file my_file.txt (compact mmCIF, C-alpha atoms)
# COMPACT_ATOMS: atom_id res chain seq x y z
CA ARG A 181 0.00 0.00 0.00
CA ILE A 182 1.29 3.43 -0.86
CA TYR A 183 0.43 6.69 0.91
CA ASP A 184 2.23 9.53 -0.87
CA SER A 185 3.09 12.96 0.48
CA PRO A 186 5.98 15.27 -0.51
CA GLY A 187 9.35 14.57 1.05
CA MET A 188 12.87 13.60 -0.01
CA ILE A 189 15.97 12.22 1.69
CA GLY A 190 19.29 13.96 0.98
CA PRO A 191 22.97 13.25 1.69
CA GLY A 192 23.72 13.23 5.41
CA ASP A 193 20.07 13.05 6.46
CA LEU A 194 19.55 10.78 9.46
CA ILE A 195 17.62 7.57 8.78
CA VAL A 196 16.87 5.18 11.64
CA VAL A 197 16.50 1.52 10.63
CA SER A 198 15.17 -1.14 13.00
CA GLY A 199 15.71 -4.80 12.30
CA GLY A 200 19.47 -4.81 12.44
CA ALA A 201 22.25 -4.96 9.90
CA ARG A 202 21.55 -8.47 8.67
CA GLY A 203 19.38 -10.09 6.01
CA VAL A 204 16.47 -8.12 4.58
CA THR A 205 16.98 -4.83 6.40
CA ALA A 206 20.70 -4.94 5.63
CA ALA A 207 19.97 -5.21 1.91
CA VAL A 208 17.63 -2.22 2.11
CA ALA A 209 20.12 -0.18 4.15
CA ILE A 210 22.87 -0.86 1.60
CA GLU A 211 20.64 0.22 -1.30
CA MET A 212 19.64 3.42 0.54
CA ALA A 213 23.34 4.12 1.15
CA LYS A 214 24.12 3.76 -2.55
CA ARG A 215 21.32 6.03 -3.68
CA TRP A 216 20.99 8.69 -1.00
CA GLN A 217 24.23 8.73 1.08
CA PRO A 218 22.39 9.36 4.37
CA HIS A 219 23.65 8.76 7.88
CA LEU A 220 22.20 5.41 8.93
CA LEU A 221 21.50 4.43 12.53
CA LEU A 222 20.90 0.68 12.53
CA LEU A 223 19.20 -0.90 15.54
CA GLY A 224 19.30 -4.67 16.00
CA ARG A 225 19.43 -7.49 18.51
CA SER A 226 22.84 -8.91 17.59
CA ALA A 227 25.54 -7.93 20.05
CA LEU A 228 28.89 -6.73 18.75
CA SER A 229 32.24 -6.86 20.50
CA GLU A 230 35.51 -5.14 19.61
CA SER A 231 37.19 -8.44 18.76
CA GLU A 232 36.28 -12.08 18.22
CA PRO A 233 37.26 -14.75 20.75
CA GLU A 234 40.68 -16.20 20.08
CA TRP A 235 39.31 -19.53 18.82
CA ALA A 236 37.38 -17.78 16.01
CA GLN A 237 39.98 -15.28 14.84
CA GLY A 238 41.00 -15.87 11.23
CA ILE A 239 38.75 -18.94 10.93
CA PRO A 240 36.52 -19.16 7.82
CA ASN A 241 32.77 -19.38 8.47
CA ASP A 242 32.53 -23.01 7.40
CA ASP A 243 35.25 -24.05 9.87
CA LEU A 244 33.93 -22.28 12.97
CA SER A 245 32.14 -25.34 14.39
CA HIS A 246 35.31 -27.41 14.15
CA ALA A 247 37.38 -24.63 15.73
CA PHE A 248 34.97 -24.24 18.65
CA ALA A 249 34.91 -27.97 19.33
CA ASN A 250 38.71 -28.16 19.18
CA GLN A 251 39.28 -25.38 21.69
CA GLY A 252 36.96 -27.16 24.11
CA LEU A 253 38.71 -30.49 23.65
CA LYS A 254 42.07 -28.86 24.32
CA ARG A 255 40.74 -27.87 27.74
CA GLY A 256 39.46 -31.38 28.34
CA GLU A 257 35.84 -30.39 27.71
CA LYS A 258 33.28 -31.75 25.31
CA PRO A 259 31.03 -28.83 24.32
CA SER A 260 27.33 -29.51 23.90
CA LEU A 261 25.67 -29.07 20.53
CA LYS A 262 23.61 -26.26 22.04
CA ALA A 263 26.70 -24.38 23.19
CA LEU A 264 28.44 -24.97 19.86
CA LYS A 265 25.45 -23.69 17.88
CA ALA A 266 25.07 -20.59 20.06
CA ALA A 267 28.76 -19.71 19.82
CA VAL A 268 29.01 -20.19 16.06
CA GLU A 269 25.77 -18.37 15.30
CA GLY A 270 26.91 -15.45 17.45
CA ILE A 271 30.14 -15.14 15.46
CA LEU A 272 28.30 -15.43 12.13
CA ARG A 273 25.78 -12.76 13.12
CA ALA A 274 28.51 -10.37 14.22
CA ARG A 275 30.46 -10.93 11.01
CA GLU A 276 27.38 -10.26 8.91
CA VAL A 277 26.75 -7.01 10.77
CA GLN A 278 30.36 -5.90 10.35
CA ASN A 279 30.23 -6.72 6.64
CA THR A 280 27.04 -4.67 6.23
CA LEU A 281 28.62 -1.67 7.96
CA GLN A 282 31.67 -1.92 5.72
CA VAL A 283 29.60 -2.13 2.52
CA ILE A 284 27.49 0.86 3.57
CA GLN A 285 30.61 2.94 4.18
CA GLN A 286 32.05 1.88 0.83
CA ALA A 287 28.83 3.11 -0.78
CA GLY A 288 29.51 6.61 0.51
CA ALA A 289 27.20 6.75 3.52
CA SER A 290 28.05 7.03 7.20
CA VAL A 291 26.63 4.44 9.57
CA GLU A 292 26.53 3.31 13.17
CA TYR A 293 25.06 0.21 14.78
CA VAL A 294 23.54 -0.12 18.26
CA ALA A 295 22.37 -3.41 19.77
CA THR A 296 19.01 -2.82 21.42
CA ASP A 297 15.50 -4.19 21.78
CA VAL A 298 13.20 -1.77 19.93
CA ARG A 299 10.56 -2.38 22.61
CA ASP A 300 12.86 -0.72 25.17
CA ARG A 301 11.51 2.81 24.85
CA THR A 302 14.06 4.32 27.24
CA LYS A 303 17.13 2.93 25.45
CA VAL A 304 15.69 3.64 22.00
CA ALA A 305 15.00 7.27 22.98
CA LYS A 306 18.49 7.71 24.46
CA THR A 307 20.19 6.19 21.41
CA ILE A 308 18.26 8.30 18.91
CA GLN A 309 18.65 11.49 20.93
CA GLU A 310 22.42 11.04 21.10
CA THR A 311 22.56 10.49 17.35
CA VAL A 312 20.38 13.53 16.65
CA LYS A 313 22.88 15.72 18.52
CA ARG A 314 25.58 14.69 16.05
CA HIS A 315 23.63 14.31 12.80
CA GLY A 316 20.53 16.45 13.04
CA PRO A 317 16.85 15.45 13.22
CA VAL A 318 15.50 12.10 12.12
CA ARG A 319 14.36 12.49 8.51
CA GLY A 320 13.60 8.87 7.76
CA LEU A 321 12.42 5.85 9.74
CA VAL A 322 12.45 2.28 8.43
CA HIS A 323 10.80 -0.22 10.78
CA GLY A 324 11.87 -3.68 9.73
CA ALA A 325 12.14 -5.43 13.12
CA GLY A 326 10.04 -8.54 13.55
CA VAL A 327 9.99 -12.02 15.05
CA LEU A 328 7.91 -15.15 14.49
CA ALA A 329 6.43 -17.76 16.84
CA ASP A 330 4.10 -19.64 14.51
CA LYS A 331 1.51 -21.77 16.28
CA LEU A 332 -2.22 -22.31 16.10
CA VAL A 333 -4.27 -20.09 18.41
CA SER A 334 -5.09 -23.07 20.61
CA ASP A 335 -1.38 -23.76 21.15
CA LYS A 336 0.01 -20.23 21.36
CA THR A 337 0.86 -18.75 24.75
CA LEU A 338 0.24 -15.12 25.70
CA GLU A 339 3.99 -14.65 26.07
CA GLN A 340 4.56 -15.82 22.49
CA PHE A 341 1.79 -13.57 21.22
CA ASP A 342 3.15 -10.55 23.07
CA HIS A 343 6.69 -11.12 21.83
CA VAL A 344 5.58 -11.17 18.18
CA PHE A 345 2.94 -8.44 18.39
CA MET A 346 4.85 -6.04 20.61
CA THR A 347 8.09 -6.23 18.60
CA LYS A 348 6.16 -4.77 15.67
CA VAL A 349 3.72 -2.42 17.39
CA ASP A 350 5.50 -1.35 20.59
CA GLY A 351 8.71 -1.23 18.60
CA LEU A 352 7.23 1.25 16.14
CA ASN A 353 5.71 3.34 18.91
CA SER A 354 9.10 3.49 20.67
CA LEU A 355 10.78 4.67 17.48
CA LEU A 356 8.13 7.23 16.64
CA ALA A 357 8.16 8.66 20.16
CA ALA A 358 11.88 9.41 19.77
CA THR A 359 11.96 10.80 16.22
CA GLY A 360 10.64 14.33 16.74
CA ASN A 361 8.45 16.21 14.28
CA GLU A 362 10.78 16.61 11.28
CA LEU A 363 10.16 13.15 9.84
CA LYS A 364 9.96 13.10 6.04
CA LEU A 365 9.84 9.39 5.29
CA LEU A 366 8.27 6.46 7.11
CA ALA A 367 8.71 2.95 5.71
CA LEU A 368 6.98 0.02 7.36
CA PHE A 369 7.89 -3.60 6.73
CA THR A 370 4.44 -5.15 6.91
CA SER A 371 3.33 -8.46 5.46
CA VAL A 372 0.91 -10.11 3.11
CA ALA A 373 -0.12 -12.02 6.24
CA GLY A 374 -1.55 -8.78 7.60
CA ARG A 375 -3.70 -8.42 4.51
CA TYR A 376 -4.94 -11.98 4.07
CA GLY A 377 -4.00 -13.78 7.29
CA ASN A 378 -1.80 -16.85 7.52
CA ARG A 379 -2.01 -20.15 9.36
CA GLY A 380 -0.27 -19.99 12.74
CA GLN A 381 0.34 -16.24 12.49
CA CYS A 382 -2.58 -14.54 14.24
CA ASP A 383 -0.13 -12.36 16.19
CA TYR A 384 2.07 -11.55 13.20
CA ALA A 385 -0.92 -10.78 10.97
CA MET A 386 -2.54 -8.50 13.56
CA ALA A 387 0.72 -6.67 14.25
CA ASN A 388 1.45 -5.99 10.59
CA GLU A 389 -2.04 -4.70 9.87
CA ALA A 390 -1.81 -2.46 12.94
CA LEU A 391 1.33 -0.94 11.39
CA THR A 392 -0.53 -0.01 8.21
CA ARG A 393 -3.15 1.85 10.28
CA ILE A 394 -0.45 3.77 12.16
CA GLY A 395 1.20 4.59 8.84
CA PHE A 396 -2.05 5.94 7.44
CA GLN A 397 -2.33 8.35 10.36
CA PHE A 398 1.16 9.73 9.68
CA ALA A 399 0.46 10.04 5.96
CA GLN A 400 -2.43 12.34 6.84
CA GLN A 401 0.07 14.53 8.72
CA GLY A 402 2.20 15.12 5.62
CA VAL A 403 4.81 12.37 6.06
CA ARG A 404 5.71 10.31 3.00
CA VAL A 405 4.60 6.84 4.13
CA LYS A 406 4.79 3.44 2.48
CA ALA A 407 3.68 0.20 4.10
CA PHE A 408 5.08 -2.77 2.20
CA ASP A 409 2.91 -5.88 2.54
CA TRP A 410 5.86 -8.10 1.63
CA GLY A 411 5.64 -11.70 0.67
CA PRO A 412 8.51 -13.98 1.75
CA TRP A 413 12.07 -12.79 1.12
CA ASP A 414 14.93 -15.10 0.24
CA GLY A 415 16.64 -14.36 3.55
CA GLY A 416 15.90 -13.03 7.00
CA MET A 417 13.24 -15.11 8.75
CA VAL A 418 12.94 -17.54 5.79
CA ASP A 419 15.29 -20.39 6.58
CA SER A 420 16.03 -23.42 4.38
CA SER A 421 12.99 -25.41 5.58
CA LEU A 422 10.59 -22.52 4.98
CA ARG A 423 12.19 -21.90 1.60
CA LYS A 424 11.39 -25.47 0.56
CA GLN A 425 7.78 -25.07 1.73
CA PHE A 426 7.32 -21.91 -0.31
CA GLU A 427 8.92 -23.45 -3.38
CA ALA A 428 6.71 -26.52 -3.07
CA SER A 429 3.66 -24.23 -2.95
CA GLY A 430 4.78 -22.35 -6.04
CA ILE A 431 5.45 -19.12 -4.11
CA GLU A 432 8.35 -17.12 -5.52
CA LEU A 433 10.71 -15.61 -2.97
CA ILE A 434 11.80 -11.98 -3.14
CA GLY A 435 15.53 -11.73 -3.85
CA LEU A 436 17.45 -9.47 -1.46
CA GLU A 437 18.87 -7.21 -4.16
CA HIS A 438 15.63 -7.03 -6.14
CA GLY A 439 13.54 -6.32 -3.04
CA ALA A 440 15.91 -3.59 -1.89
CA GLN A 441 15.80 -1.93 -5.30
CA PHE A 442 12.02 -2.11 -5.33
CA PHE A 443 11.93 -0.53 -1.88
CA CYS A 444 14.00 2.48 -2.95
CA ASN A 445 12.22 2.82 -6.28
CA GLU A 446 8.95 3.28 -4.41
CA PHE A 447 10.35 6.43 -2.78

call {"tool": "encode", "arguments": {"input": "my_file.txt", "output": "structure tokens"}}
result
Amino acid sequence: RIYDSPGMIGPGDLIVVSGGARGVTAAVAIEMAKRWQPHLLLLGRSALSESEPEWAQGIPNDDLSHAFANQGLKRGEKPSLKALKAAVEGILRAREVQNTLQVIQQAGASVEYVATDVRDRTKVAKTIQETVKRHGPVRGLVHGAGVLADKLVSDKTLEQFDHVFMTKVDGLNSLLAATGNELKLLALFTSVAGRYGNRGQCDYAMANEALTRIGFQFAQQGVRVKAFDWGPWDGGMVDSSLRKQFEASGIELIGLEHGAQFFCNEF
């Protein structure tokens, strides 16, 4: 859905992007960097450290599991599969974030990354306010954060519902509360599930449709707003098993580069 009002993003303008520096939102951030050269503030859940643990330094991605197991065995320990998976995934996430930041800088934009939960209104406000002091008011907001906990209504807990729904809705409200009144562009990553529903996704569908209603209100205030009811992307929350399900159903996935180009073309 497209709600158009005047408004453009220029070089150096501050754009806040929720959803991190990985996968779908990373692809969009990179494309925005190439086209508009803004200052990007990326907010995500993945923690970053100044350096990798010694066992991972200089190790290719495909060899990280072997390296982690070896360093445990050298200490006389046999690491559990759970510990191994957590350690390796943490390194891979951090490397993906660092790569995104590097590509954005190479594209001519400035960027910073802060690990935070977008539902934490206090931390979100503090982070954005500190960035505004250095880069001026927030001109653009891209809300791409989201999580899934697919289950039938009869099997879904309130905690699972809240986690999915509030990441979208409370997350957006936290971001909007901290952006001030000079916003030019508001982009919402909504979903086809919000338009038509989807099995096991009552919380996700409701949250995404709530975002389109919030977006409509801002469009009436003169902000250039676009709510993208995306189908499945070839990345992000679509893992290999989901990819196979979509392919078996004849549903074409949105390529990262193509989707990012489409996103920017719409503005």

call {"tool": "closest_residue", "arguments": {"input": "my_file.txt", "among": "A:Asp419, A:Glu230, A:Leu264, A:Leu194", "to": "Glu310 of chain A", "atoms": "only C-alpha atoms"}}
result
A:Leu194

call {"tool": "closest_atom_pairs", "arguments": {"input": "my_file.txt", "of": "segment 358-379 of chain A", "to": "segment 389-401 of chain A", "cutoff": "9 Å", "atoms": "only C-alpha atoms", "output": "JSON lines"}}
result
{"residue": "A:Leu366", "atom": "CA", "partner": "A:Gly395", "partner_atom": "CA", "distance": 7.5}
{"residue": "A:Ala367", "atom": "CA", "partner": "A:Gly395", "partner_atom": "CA", "distance": 8.3}
{"residue": "A:Leu368", "atom": "CA", "partner": "A:Leu391", "partner_atom": "CA", "distance": 7.0}
{"residue": "A:Phe369", "atom": "CA", "partner": "A:Leu391", "partner_atom": "CA", "distance": 8.5}
{"residue": "A:Thr370", "atom": "CA", "partner": "A:Leu391", "partner_atom": "CA", "distance": 6.9}
{"residue": "A:Ser371", "atom": "CA", "partner": "A:Glu389", "partner_atom": "CA", "distance": 7.9}
{"residue": "A:Ala373", "atom": "CA", "partner": "A:Glu389", "partner_atom": "CA", "distance": 8.4}
{"residue": "A:Gly374", "atom": "CA", "partner": "A:Glu389", "partner_atom": "CA", "distance": 4.7}
{"residue": "A:Arg375", "atom": "CA", "partner": "A:Glu389", "partner_atom": "CA", "distance": 6.7}

call {"tool": "residues_around", "arguments": {"input": "my_file.txt", "residues": "Ile434 of chain A", "least_positions_apart": "2", "cutoff": "10 Å", "atoms": "all atoms listed in the file", "output": "list in words"}}
result
Val204, Trp410, Gly411, Pro412, Trp413, Asp414, Gly415, Ile431, Glu432, Leu436, Glu437, His438, Gly439 and Ala440 of chain A

call {"tool": "residues_around", "arguments": {"input": "my_file.txt", "residues": "segment 339-345 of chain A", "least_positions_apart": "3", "cutoff": "8 Å", "atoms": "all atoms listed in the file", "output": "list in words"}}
result
Gly326, Val327, Leu328, Ala329, Lys336, Lys348, Val349, Asp350, Asp383, Tyr384, Met386 and Ala387 of chain A

call {"tool": "closest_residue", "arguments": {"input": "my_file.txt", "among": "A:Thr296, A:Thr337, A:Ser229, A:Gln285", "to": "Cys382 of chain A", "atoms": "only C-alpha atoms"}}
result
A:Thr337

call {"tool": "residues_around", "arguments": {"input": "my_file.txt", "residues": "Thr307 of chain A", "least_positions_apart": "4", "cutoff": "12 Å", "atoms": "only C-alpha atoms", "output": "ChimeraX atom specification"}}
result
/A:196,221-223,292-298,300-303,311-314,318,354-355,358-359

call {"tool": "closest_residue", "arguments": {"input": "my_file.txt", "among": "A:Lys331, A:Arg275, A:His323, A:Arg202", "to": "Asn241 of chain A", "atoms": "all atoms listed in the file"}}
result
A:Arg275

call {"tool": "closest_residue", "arguments": {"input": "my_file.txt", "among": "A:Ser198, A:Asn353, A:Asn388, A:Gln217", "to": "Ile284 of chain A", "atoms": "only C-alpha atoms"}}
result
A:Gln217

call {"tool": "closest_residue", "arguments": {"input": "my_file.txt", "among": "A:Arg404, A:Lys306, A:Arg319, A:Arg273", "to": "Ala227 of chain A", "atoms": "all atoms listed in the file"}}
result
A:Arg273

call {"tool": "closest_residue", "arguments": {"input": "my_file.txt", "among": "A:Ala266, A:Val197, A:Ala247, A:Val403", "to": "Leu352 of chain A", "atoms": "only C-alpha atoms"}}
result
A:Val197

call {"tool": "decode", "arguments": {"input": "my_file.txt", "residues": "segment 335-364 of chain A", "atoms": "N, CA, C and O atoms", "output": "mmCIF file, in the first residue's frame"}}
result
data_model
loop_
_atom_site.group_PDB
_atom_site.id
_atom_site.type_symbol
_atom_site.label_atom_id
_atom_site.label_comp_id
_atom_site.auth_asym_id
_atom_site.auth_seq_id
_atom_site.Cartn_x
_atom_site.Cartn_y
_atom_site.Cartn_z
ATOM 1 N N ASP A 335 -2.666 -23.349 20.594
ATOM 2 C CA ASP A 335 -1.378 -23.765 21.153
ATOM 3 C C ASP A 335 -0.469 -22.594 21.517
ATOM 4 O O ASP A 335 0.581 -22.787 22.126
ATOM 5 N N LYS A 336 -0.861 -21.395 21.174
ATOM 6 C CA LYS A 336 0.005 -20.229 21.361
ATOM 7 C C LYS A 336 -0.179 -19.659 22.758
ATOM 8 O O LYS A 336 -1.300 -19.457 23.221
ATOM 9 N N THR A 337 0.928 -19.344 23.420
ATOM 10 C CA THR A 337 0.860 -18.746 24.749
ATOM 11 C C THR A 337 0.757 -17.226 24.623
ATOM 12 O O THR A 337 1.113 -16.641 23.600
ATOM 13 N N LEU A 338 0.320 -16.580 25.695
ATOM 14 C CA LEU A 338 0.245 -15.120 25.703
ATOM 15 C C LEU A 338 1.638 -14.505 25.573
ATOM 16 O O LEU A 338 1.805 -13.451 24.949
ATOM 17 N N GLU A 339 2.627 -15.158 26.158
ATOM 18 C CA GLU A 339 3.994 -14.647 26.073
ATOM 19 C C GLU A 339 4.484 -14.660 24.629
ATOM 20 O O GLU A 339 5.125 -13.708 24.170
ATOM 21 N N GLN A 340 4.171 -15.738 23.900
ATOM 22 C CA GLN A 340 4.564 -15.818 22.495
ATOM 23 C C GLN A 340 3.846 -14.757 21.678
ATOM 24 O O GLN A 340 4.450 -14.086 20.837
ATOM 25 N N PHE A 341 2.557 -14.595 21.936
ATOM 26 C CA PHE A 341 1.790 -13.575 21.223
ATOM 27 C C PHE A 341 2.375 -12.187 21.465
ATOM 28 O O PHE A 341 2.605 -11.412 20.531
ATOM 29 N N ASP A 342 2.630 -11.874 22.725
ATOM 30 C CA ASP A 342 3.147 -10.551 23.066
ATOM 31 C C ASP A 342 4.501 -10.293 22.414
ATOM 32 O O ASP A 342 4.767 -9.178 21.948
ATOM 33 N N HIS A 343 5.357 -11.299 22.397
ATOM 34 C CA HIS A 343 6.691 -11.123 21.831
ATOM 35 C C HIS A 343 6.597 -10.747 20.354
ATOM 36 O O HIS A 343 7.280 -9.824 19.877
ATOM 37 N N VAL A 344 5.741 -11.431 19.616
ATOM 38 C CA VAL A 344 5.583 -11.169 18.184
ATOM 39 C C VAL A 344 4.880 -9.835 17.948
ATOM 40 O O VAL A 344 5.351 -8.983 17.189
ATOM 41 N N PHE A 345 3.754 -9.642 18.612
ATOM 42 C CA PHE A 345 2.941 -8.444 18.387
ATOM 43 C C PHE A 345 3.662 -7.185 18.849
ATOM 44 O O PHE A 345 3.707 -6.172 18.134
ATOM 45 N N MET A 346 4.246 -7.232 20.040
ATOM 46 C CA MET A 346 4.851 -6.037 20.610
ATOM 47 C C MET A 346 6.143 -5.630 19.910
ATOM 48 O O MET A 346 6.495 -4.448 19.880
ATOM 49 N N THR A 347 6.887 -6.599 19.351
ATOM 50 C CA THR A 347 8.089 -6.231 18.603
ATOM 51 C C THR A 347 7.732 -5.314 17.446
ATOM 52 O O THR A 347 8.426 -4.329 17.161
ATOM 53 N N LYS A 348 6.626 -5.615 16.774
ATOM 54 C CA LYS A 348 6.161 -4.769 15.673
ATOM 55 C C LYS A 348 5.532 -3.473 16.176
ATOM 56 O O LYS A 348 5.935 -2.373 15.780
ATOM 57 N N VAL A 349 4.543 -3.575 17.039
ATOM 58 C CA VAL A 349 3.725 -2.415 17.389
ATOM 59 C C VAL A 349 4.384 -1.542 18.455
ATOM 60 O O VAL A 349 4.546 -0.335 18.278
ATOM 61 N N ASP A 350 4.790 -2.133 19.576
ATOM 62 C CA ASP A 350 5.495 -1.351 20.595
ATOM 63 C C ASP A 350 6.823 -0.837 20.053
ATOM 64 O O ASP A 350 7.260 0.267 20.395
ATOM 65 N N GLY A 351 7.457 -1.658 19.208
ATOM 66 C CA GLY A 351 8.706 -1.228 18.600
ATOM 67 C C GLY A 351 8.522 0.031 17.776
ATOM 68 O O GLY A 351 9.294 0.987 17.890
ATOM 69 N N LEU A 352 7.495 0.058 16.952
ATOM 70 C CA LEU A 352 7.232 1.246 16.140
ATOM 71 C C LEU A 352 6.892 2.441 17.018
ATOM 72 O O LEU A 352 7.373 3.558 16.784
ATOM 73 N N ASN A 353 6.074 2.231 18.024
ATOM 74 C CA ASN A 353 5.709 3.337 18.914
ATOM 75 C C ASN A 353 6.931 3.900 19.636
ATOM 76 O O ASN A 353 7.045 5.120 19.834
ATOM 77 N N SER A 354 7.862 3.037 20.034
ATOM 78 C CA SER A 354 9.100 3.495 20.668
ATOM 79 C C SER A 354 9.903 4.365 19.720
ATOM 80 O O SER A 354 10.426 5.420 20.095
ATOM 81 N N LEU A 355 10.008 3.932 18.482
ATOM 82 C CA LEU A 355 10.779 4.669 17.484
ATOM 83 C C LEU A 355 10.129 6.004 17.166
ATOM 84 O O LEU A 355 10.804 7.038 17.101
ATOM 85 N N LEU A 356 8.828 5.997 16.983
ATOM 86 C CA LEU A 356 8.131 7.229 16.639
ATOM 87 C C LEU A 356 8.192 8.243 17.778
ATOM 88 O O LEU A 356 8.300 9.450 17.541
ATOM 89 N N ALA A 357 8.126 7.761 19.009
ATOM 90 C CA ALA A 357 8.164 8.661 20.165
ATOM 91 C C ALA A 357 9.495 9.396 20.262
ATOM 92 O O ALA A 357 9.575 10.463 20.876
ATOM 93 N N ALA A 358 10.537 8.827 19.646
ATOM 94 C CA ALA A 358 11.877 9.409 19.772
ATOM 95 C C ALA A 358 12.320 10.185 18.533
ATOM 96 O O ALA A 358 13.414 10.750 18.528
ATOM 97 N N THR A 359 11.487 10.242 17.490
ATOM 98 C CA THR A 359 11.956 10.803 16.221
ATOM 99 C C THR A 359 11.740 12.299 16.087
ATOM 100 O O THR A 359 12.310 12.934 15.209
ATOM 101 N N GLY A 360 10.900 12.899 16.904
ATOM 102 C CA GLY A 360 10.637 14.326 16.743
ATOM 103 C C GLY A 360 9.623 14.579 15.642
ATOM 104 O O GLY A 360 8.970 13.657 15.147
ATOM 105 N N ASN A 361 9.506 15.846 15.227
ATOM 106 C CA ASN A 361 8.451 16.214 14.278
ATOM 107 C C ASN A 361 8.982 16.654 12.925
ATOM 108 O O ASN A 361 8.300 17.366 12.182
ATOM 109 N N GLU A 362 10.213 16.239 12.572
ATOM 110 C CA GLU A 362 10.776 16.608 11.276
ATOM 111 C C GLU A 362 10.926 15.389 10.367
ATOM 112 O O GLU A 362 11.738 15.379 9.437
ATOM 113 N N LEU A 363 10.117 14.375 10.624
ATOM 114 C CA LEU A 363 10.159 13.146 9.841
ATOM 115 C C LEU A 363 9.622 13.403 8.430
ATOM 116 O O LEU A 363 8.553 13.983 8.256
ATOM 117 N N LYS A 364 10.388 12.961 7.427
ATOM 118 C CA LYS A 364 9.960 13.098 6.035
ATOM 119 C C LYS A 364 9.467 11.777 5.452
ATOM 120 O O LYS A 364 8.598 11.760 4.588
#
